[in-house]
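Asks: Structure: work.pdb, PDB, C-alpha atoms, pLDDT in the B column.
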```pdb
ATOM      1  CA  MET A1352       0.000   0.000   0.000  1.00 37.00           C
ATOM      2  CA  ARG A1353       2.838   2.415   0.810  1.00 34.00           C
ATOM      3  CA  VAL A1354       4.438   1.672  -2.565  1.00 28.00           C
ATOM      4  CA  ILE A1355       1.225   2.615  -4.377  1.00 32.00           C
ATOM      5  CA  ALA A1356       1.039   5.865  -2.406  1.00 30.00           C
ATOM      6  CA  LEU A1357       4.659   6.689  -3.295  1.00 24.00           C
ATOM      7  CA  PHE A1358       3.990   6.079  -6.987  1.00 26.00           C
ATOM      8  CA  ALA A1359       0.913   8.325  -6.825  1.00 29.00           C
ATOM      9  CA  VAL A1360       2.922  11.136  -5.215  1.00 27.00           C
ATOM     10  CA  ALA A1361       5.808  10.726  -7.694  1.00 28.00           C
ATOM     11  CA  ALA A1362       3.427  10.864 -10.646  1.00 30.00           C
ATOM     12  CA  SER A1363       1.905  14.125  -9.433  1.00 30.00           C
ATOM     13  CA  VAL A1364       5.212  16.019  -9.089  1.00 31.00           C
ATOM     14  CA  SER A1365       5.660  18.740 -11.713  1.00 36.00           C
ATOM     15  CA  PRO A1366       8.923  19.025 -13.699  1.00 39.00           C
ATOM     16  CA  ALA A1367       9.819  22.245 -11.905  1.00 43.00           C
ATOM     17  CA  ALA A1368       9.737  20.388  -8.573  1.00 42.00           C
ATOM     18  CA  VAL A1369      11.952  17.549  -9.791  1.00 46.00           C
ATOM     19  CA  PRO A1370      15.657  17.914  -8.921  1.00 49.00           C
ATOM     20  CA  GLY A1371      17.562  19.085 -11.986  1.00 56.00           C
ATOM     21  CA  CYS A1372      14.666  21.105 -13.391  1.00 74.00           C
ATOM     22  CA  SER A1373      15.618  24.585 -12.279  1.00 80.00           C
ATOM     23  CA  VAL A1374      16.854  27.335 -14.572  1.00 82.00           C
ATOM     24  CA  ASP A1375      20.399  26.827 -13.318  1.00 77.00           C
ATOM     25  CA  ASP A1376      20.208  23.092 -14.123  1.00 87.00           C
ATOM     26  CA  ALA A1377      19.606  23.947 -17.779  1.00 92.00           C
ATOM     27  CA  ALA A1378      23.382  24.398 -18.158  1.00 94.00           C
ATOM     28  CA  ASP A1379      23.882  20.749 -17.182  1.00 94.00           C
ATOM     29  CA  VAL A1380      21.274  19.686 -19.731  1.00 93.00           C
ATOM     30  CA  ALA A1381      23.075  21.687 -22.443  1.00 95.00           C
ATOM     31  CA  ARG A1382      26.433  20.155 -21.482  1.00 96.00           C
ATOM     32  CA  GLN A1383      24.938  16.638 -21.563  1.00 95.00           C
ATOM     33  CA  PHE A1384      23.476  17.370 -25.011  1.00 95.00           C
ATOM     34  CA  TRP A1385      26.875  18.479 -26.299  1.00 95.00           C
ATOM     35  CA  GLU A1386      28.653  15.478 -24.766  1.00 95.00           C
ATOM     36  CA  GLY A1387      26.083  12.941 -25.955  1.00 93.00           C
ATOM     37  CA  HIS A1388      25.057  14.403 -29.316  1.00 94.00           C
ATOM     38  CA  SER A1389      27.956  16.608 -30.407  1.00 92.00           C
ATOM     39  CA  ARG A1390      27.806  15.297 -33.969  1.00 90.00           C
ATOM     40  CA  PHE A1391      24.027  15.709 -34.310  1.00 90.00           C
ATOM     41  CA  TYR A1392      24.437  17.807 -37.469  1.00 88.00           C
ATOM     42  CA  VAL A1393      26.677  15.272 -39.271  1.00 84.00           C
ATOM     43  CA  LYS A1394      24.654  12.079 -39.129  1.00 83.00           C
ATOM     44  CA  GLU A1395      21.272  10.801 -38.072  1.00 85.00           C
ATOM     45  CA  ASP A1396      21.043  10.326 -34.336  1.00 87.00           C
ATOM     46  CA  PRO A1397      18.096   8.224 -33.136  1.00 83.00           C
ATOM     47  CA  GLY A1398      18.415   9.553 -29.572  1.00 89.00           C
ATOM     48  CA  LEU A1399      18.007  13.144 -30.694  1.00 92.00           C
ATOM     49  CA  ARG A1400      14.217  13.100 -30.818  1.00 91.00           C
ATOM     50  CA  ALA A1401      14.005  12.490 -27.046  1.00 91.00           C
ATOM     51  CA  VAL A1402      16.145  15.503 -26.101  1.00 93.00           C
ATOM     52  CA  THR A1403      15.007  18.118 -28.648  1.00 94.00           C
ATOM     53  CA  THR A1404      11.801  19.912 -29.514  1.00 94.00           C
ATOM     54  CA  ALA A1405       9.800  18.696 -32.492  1.00 92.00           C
ATOM     55  CA  ARG A1406      10.621  21.840 -34.481  1.00 93.00           C
ATOM     56  CA  PHE A1407      14.371  21.564 -33.851  1.00 94.00           C
ATOM     57  CA  TYR A1408      14.313  17.849 -34.700  1.00 94.00           C
ATOM     58  CA  GLU A1409      12.456  18.632 -37.936  1.00 93.00           C
ATOM     59  CA  ALA A1410      15.060  21.266 -38.855  1.00 92.00           C
ATOM     60  CA  ILE A1411      17.847  18.761 -38.183  1.00 92.00           C
ATOM     61  CA  ARG A1412      16.070  16.203 -40.379  1.00 91.00           C
ATOM     62  CA  HIS A1413      16.099  18.802 -43.191  1.00 90.00           C
ATOM     63  CA  GLU A1414      19.788  19.384 -42.534  1.00 90.00           C
ATOM     64  CA  TRP A1415      20.515  15.611 -42.653  1.00 90.00           C
ATOM     65  CA  ALA A1416      18.667  15.371 -45.998  1.00 90.00           C
ATOM     66  CA  CYS A1417      20.677  18.315 -47.314  1.00 90.00           C
ATOM     67  CA  VAL A1418      23.975  16.761 -46.155  1.00 88.00           C
ATOM     68  CA  ALA A1419      22.990  13.429 -47.760  1.00 89.00           C
ATOM     69  CA  LYS A1420      22.777  15.236 -51.115  1.00 91.00           C
ATOM     70  CA  ASN A1421      25.740  17.536 -50.527  1.00 90.00           C
ATOM     71  CA  PRO A1422      28.225  16.867 -47.665  1.00 86.00           C
ATOM     72  CA  ALA A1423      29.162  20.560 -47.657  1.00 86.00           C
ATOM     73  CA  CYS A1424      25.547  21.645 -47.152  1.00 85.00           C
ATOM     74  CA  LEU A1425      26.072  22.984 -43.638  1.00 83.00           C
ATOM     75  CA  GLY A1426      29.434  24.507 -44.474  1.00 85.00           C
ATOM     76  CA  TYR A1427      30.656  24.865 -40.882  1.00 85.00           C
ATOM     77  CA  ARG A1428      30.882  23.053 -37.556  1.00 86.00           C
ATOM     78  CA  PRO A1429      28.600  24.596 -34.934  1.00 89.00           C
ATOM     79  CA  TRP A1430      31.014  23.531 -32.202  1.00 91.00           C
ATOM     80  CA  PRO A1431      34.039  21.348 -31.542  1.00 92.00           C
ATOM     81  CA  HIS A1432      33.525  17.776 -30.396  1.00 92.00           C
ATOM     82  CA  PRO A1433      34.263  16.771 -26.789  1.00 94.00           C
ATOM     83  CA  ASP A1434      37.251  14.671 -27.909  1.00 93.00           C
ATOM     84  CA  ASP A1435      38.872  17.519 -29.878  1.00 93.00           C
ATOM     85  CA  LYS A1436      42.543  17.797 -28.871  1.00 93.00           C
ATOM     86  CA  ARG A1437      42.787  21.470 -29.841  1.00 93.00           C
ATOM     87  CA  PHE A1438      40.968  22.917 -26.818  1.00 94.00           C
ATOM     88  CA  ALA A1439      42.911  25.691 -25.113  1.00 94.00           C
ATOM     89  CA  THR A1440      39.991  26.172 -22.715  1.00 93.00           C
ATOM     90  CA  TYR A1441      37.534  23.306 -22.333  1.00 94.00           C
ATOM     91  CA  PRO A1442      33.896  24.395 -22.703  1.00 96.00           C
ATOM     92  CA  THR A1443      31.935  25.750 -19.784  1.00 96.00           C
ATOM     93  CA  PHE A1444      28.153  25.969 -19.829  1.00 96.00           C
ATOM     94  CA  TYR A1445      26.272  28.664 -17.973  1.00 95.00           C
ATOM     95  CA  VAL A1446      23.049  30.605 -17.847  1.00 93.00           C
ATOM     96  CA  PRO A1447      24.072  34.276 -18.129  1.00 87.00           C
ATOM     97  CA  VAL A1448      23.800  36.270 -14.922  1.00 66.00           C
ATOM     98  CA  SER A1449      22.160  39.109 -16.843  1.00 52.00           C
ATOM     99  CA  ARG A1450      18.976  37.099 -17.324  1.00 49.00           C
ATOM    100  CA  PRO A1451      15.712  38.788 -16.285  1.00 52.00           C
ATOM    101  CA  ASP A1452      14.525  38.486 -12.697  1.00 52.00           C
ATOM    102  CA  LEU A1453      12.926  35.071 -12.435  1.00 50.00           C
ATOM    103  CA  SER A1454      12.015  35.210  -8.750  1.00 49.00           C
ATOM    104  CA  SER A1455       8.298  35.214  -9.518  1.00 47.00           C
ATOM    105  CA  VAL A1456       8.559  32.421 -12.077  1.00 50.00           C
ATOM    106  CA  THR A1457       9.006  28.798 -11.099  1.00 53.00           C
ATOM    107  CA  LYS A1458      10.441  27.942 -14.490  1.00 52.00           C
ATOM    108  CA  PRO A1459      10.455  30.121 -17.622  1.00 56.00           C
ATOM    109  CA  GLU A1460       9.263  28.860 -20.992  1.00 80.00           C
ATOM    110  CA  HIS A1461      12.808  29.003 -22.351  1.00 86.00           C
ATOM    111  CA  VAL A1462      16.336  29.660 -21.189  1.00 92.00           C
ATOM    112  CA  LEU A1463      19.512  30.533 -23.075  1.00 94.00           C
ATOM    113  CA  VAL A1464      22.638  28.585 -22.135  1.00 96.00           C
ATOM    114  CA  THR A1465      26.039  29.813 -23.271  1.00 96.00           C
ATOM    115  CA  MET A1466      28.803  27.348 -24.130  1.00 97.00           C
ATOM    116  CA  ALA A1467      32.123  29.221 -23.923  1.00 97.00           C
ATOM    117  CA  TYR A1468      35.499  27.799 -24.990  1.00 96.00           C
ATOM    118  CA  ALA A1469      38.776  28.619 -26.729  1.00 95.00           C
ATOM    119  CA  MET A1470      40.773  26.630 -29.237  1.00 95.00           C
ATOM    120  CA  THR A1471      44.548  26.532 -29.545  1.00 95.00           C
ATOM    121  CA  ASP A1472      45.825  29.022 -32.112  1.00 92.00           C
ATOM    122  CA  PRO A1473      48.430  28.057 -34.769  1.00 91.00           C
ATOM    123  CA  ASP A1474      51.274  29.215 -32.496  1.00 91.00           C
ATOM    124  CA  GLY A1475      50.134  26.888 -29.706  1.00 90.00           C
ATOM    125  CA  GLY A1476      48.666  29.594 -27.496  1.00 93.00           C
ATOM    126  CA  SER A1477      45.059  30.125 -26.544  1.00 94.00           C
ATOM    127  CA  GLY A1478      42.978  31.528 -29.359  1.00 92.00           C
ATOM    128  CA  PRO A1479      40.082  33.944 -28.939  1.00 93.00           C
ATOM    129  CA  ASP A1480      37.128  33.080 -26.752  1.00 94.00           C
ATOM    130  CA  GLN A1481      34.313  31.505 -28.724  1.00 95.00           C
ATOM    131  CA  PHE A1482      30.752  30.711 -27.812  1.00 95.00           C
ATOM    132  CA  VAL A1483      27.598  28.940 -28.883  1.00 96.00           C
ATOM    133  CA  VAL A1484      24.155  29.598 -27.420  1.00 97.00           C
ATOM    134  CA  LEU A1485      21.693  26.771 -26.889  1.00 96.00           C
ATOM    135  CA  THR A1486      18.016  27.588 -26.479  1.00 96.00           C
ATOM    136  CA  LEU A1487      16.280  25.180 -24.129  1.00 95.00           C
ATOM    137  CA  VAL A1488      12.541  25.084 -23.621  1.00 93.00           C
ATOM    138  CA  GLU A1489      10.355  23.676 -20.929  1.00 87.00           C
ATOM    139  CA  ALA A1490       9.513  20.047 -21.558  1.00 84.00           C
ATOM    140  CA  SER A1491       6.699  17.769 -20.553  1.00 73.00           C
ATOM    141  CA  LYS A1492       6.446  15.660 -17.412  1.00 67.00           C
ATOM    142  CA  ASP A1493       9.120  13.124 -18.374  1.00 69.00           C
ATOM    143  CA  ARG A1494      11.936  15.616 -19.048  1.00 75.00           C
ATOM    144  CA  CYS A1495      12.775  19.072 -17.726  1.00 86.00           C
ATOM    145  CA  TRP A1496      14.396  20.788 -20.698  1.00 93.00           C
ATOM    146  CA  LEU A1497      14.571  20.148 -24.439  1.00 94.00           C
ATOM    147  CA  VAL A1498      17.058  21.694 -26.867  1.00 96.00           C
ATOM    148  CA  ASP A1499      15.200  24.000 -29.255  1.00 96.00           C
ATOM    149  CA  ASP A1500      18.098  25.611 -31.126  1.00 96.00           C
ATOM    150  CA  VAL A1501      21.867  25.937 -31.455  1.00 96.00           C
ATOM    151  CA  VAL A1502      23.003  29.447 -32.385  1.00 95.00           C
ATOM    152  CA  THR A1503      26.499  30.526 -33.413  1.00 92.00           C
ATOM    153  CA  PRO A1504      27.633  34.141 -33.794  1.00 89.00           C
ATOM    154  CA  GLU A1505      28.891  33.556 -37.350  1.00 87.00           C
ATOM    155  CA  HIS A1506      25.971  31.566 -38.733  1.00 88.00           C
ATOM    156  CA  GLY A1507      22.973  32.261 -36.523  1.00 92.00           C
ATOM    157  CA  SER A1508      20.190  29.832 -35.724  1.00 94.00           C
ATOM    158  CA  LEU A1509      20.559  26.274 -36.988  1.00 91.00           C
ATOM    159  CA  ARG A1510      16.812  25.771 -36.586  1.00 92.00           C
ATOM    160  CA  MET A1511      15.986  28.810 -38.712  1.00 92.00           C
ATOM    161  CA  ARG A1512      18.569  27.914 -41.327  1.00 89.00           C
ATOM    162  CA  PHE A1513      17.024  24.484 -41.951  1.00 88.00           C
ATOM    163  CA  ARG A1514      13.392  25.092 -41.123  1.00 79.00           C
ATOM    164  CA  GLY A1515      10.953  23.234 -43.278  1.00 64.00           C
ATOM    165  CA  PRO A1516       7.974  24.639 -45.143  1.00 58.00           C
ATOM    166  CA  ASP A1517       5.693  23.943 -42.144  1.00 53.00           C
ATOM    167  CA  SER A1518       7.984  25.555 -39.526  1.00 46.00           C
TER     168      SER A1518
END
```
Reformat the file's structure so that it appears as structure tokens.

Replies:
Amino acid sequence: MRVIALFAVAASVSPAAVPGCSVDDAADVARQFWEGHSRFYVKEDPGLRAVTTARFYEAIRHEWACVAKNPACLGYRPWPHPDDKRFATYPTFYVPVSRPDLSSVTKPEHVLVTMAYAMTDPDGGSGPDQFVVLTLVEASKDRCWLVDDVVTPEHGSLRMRFRGPDS
């Protein structure tokens, strides 16, 4: 009987009340996405659907179709891979401190997470700081955050670049 009561309580807990579902935990979700799906734009990734929004997944499907026809379709790498040996500063993930006051909001609809890093320059020193911004949105009961976009300063929104006719 106690087990049934525990399951009933667990099922009624909202995502915002689950550990790891706060705004500050979004940075961990972004880091896990990068570590687990860093090559999402190169090849089909069956696990991607579970960690992204439907509209971002659809854009990535368009990108995969484009790459299948022309390997140079994307034309750039949105970010380095975790195993890249050229890191001068390994990536850090954070929610910018300059975000709006969220004290009255349990969890916002979306949050921007910055991935900051530096690569080694040709002389072996640390190159300029670089960054990528991941947009995460509130998910359903089974997951706290979903990746909705990957944005680079040079190329903008990956989702907008490969949006389909219905997006």

Asks: Just give me the gap between CA of Tyr1445 in chain A and CA of Tyr1392 in chain A in Å, one decimal is fine.

Replies: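 Straight-line distance from CA of Tyr1445 in chain A to CA of Tyr1392 in chain A works out to 22.4 Å.
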
Asks: Would you please work out which residue, of A:Val1374, A:Leu1509, A:Cys1417, A:Ala1381, is nearest to Leu1485 in chain A when using all atoms listed in the file?

Replies: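 Once distances to Leu1485 in chain A are computed over all atoms listed in the file, the minimum belongs to A:Ala1381.
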
Asks: Evaluate the PyMOL selection byres ((chain A and resi 1437) around 7) and record the selected residues as a ChimeraX atom specification, following the chain and residue labels used in the document.

Replies: /A:1435-1436,1438-1439,1470-1471

Asks: Here's the selection I'm unsure about, the PyMOL selection byres ((chain A and resi 1440) around 12); applied to the file above, which residues does it give, as a ChimeraX atom specification?

Replies: /A:1431,1433,1435-1439,1441-1443,1466-1472,1476-1482

Asks: Measuring atom to atom with all atoms listed in the file, identify which of A:Ala1490, A:Pro1504, A:Val1380, A:Lys1394 is nearest to Ala1416 in chain A.

Replies: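 Using all atoms listed in the file, the shortest distance to Ala1416 in chain A belongs to A:Lys1394.
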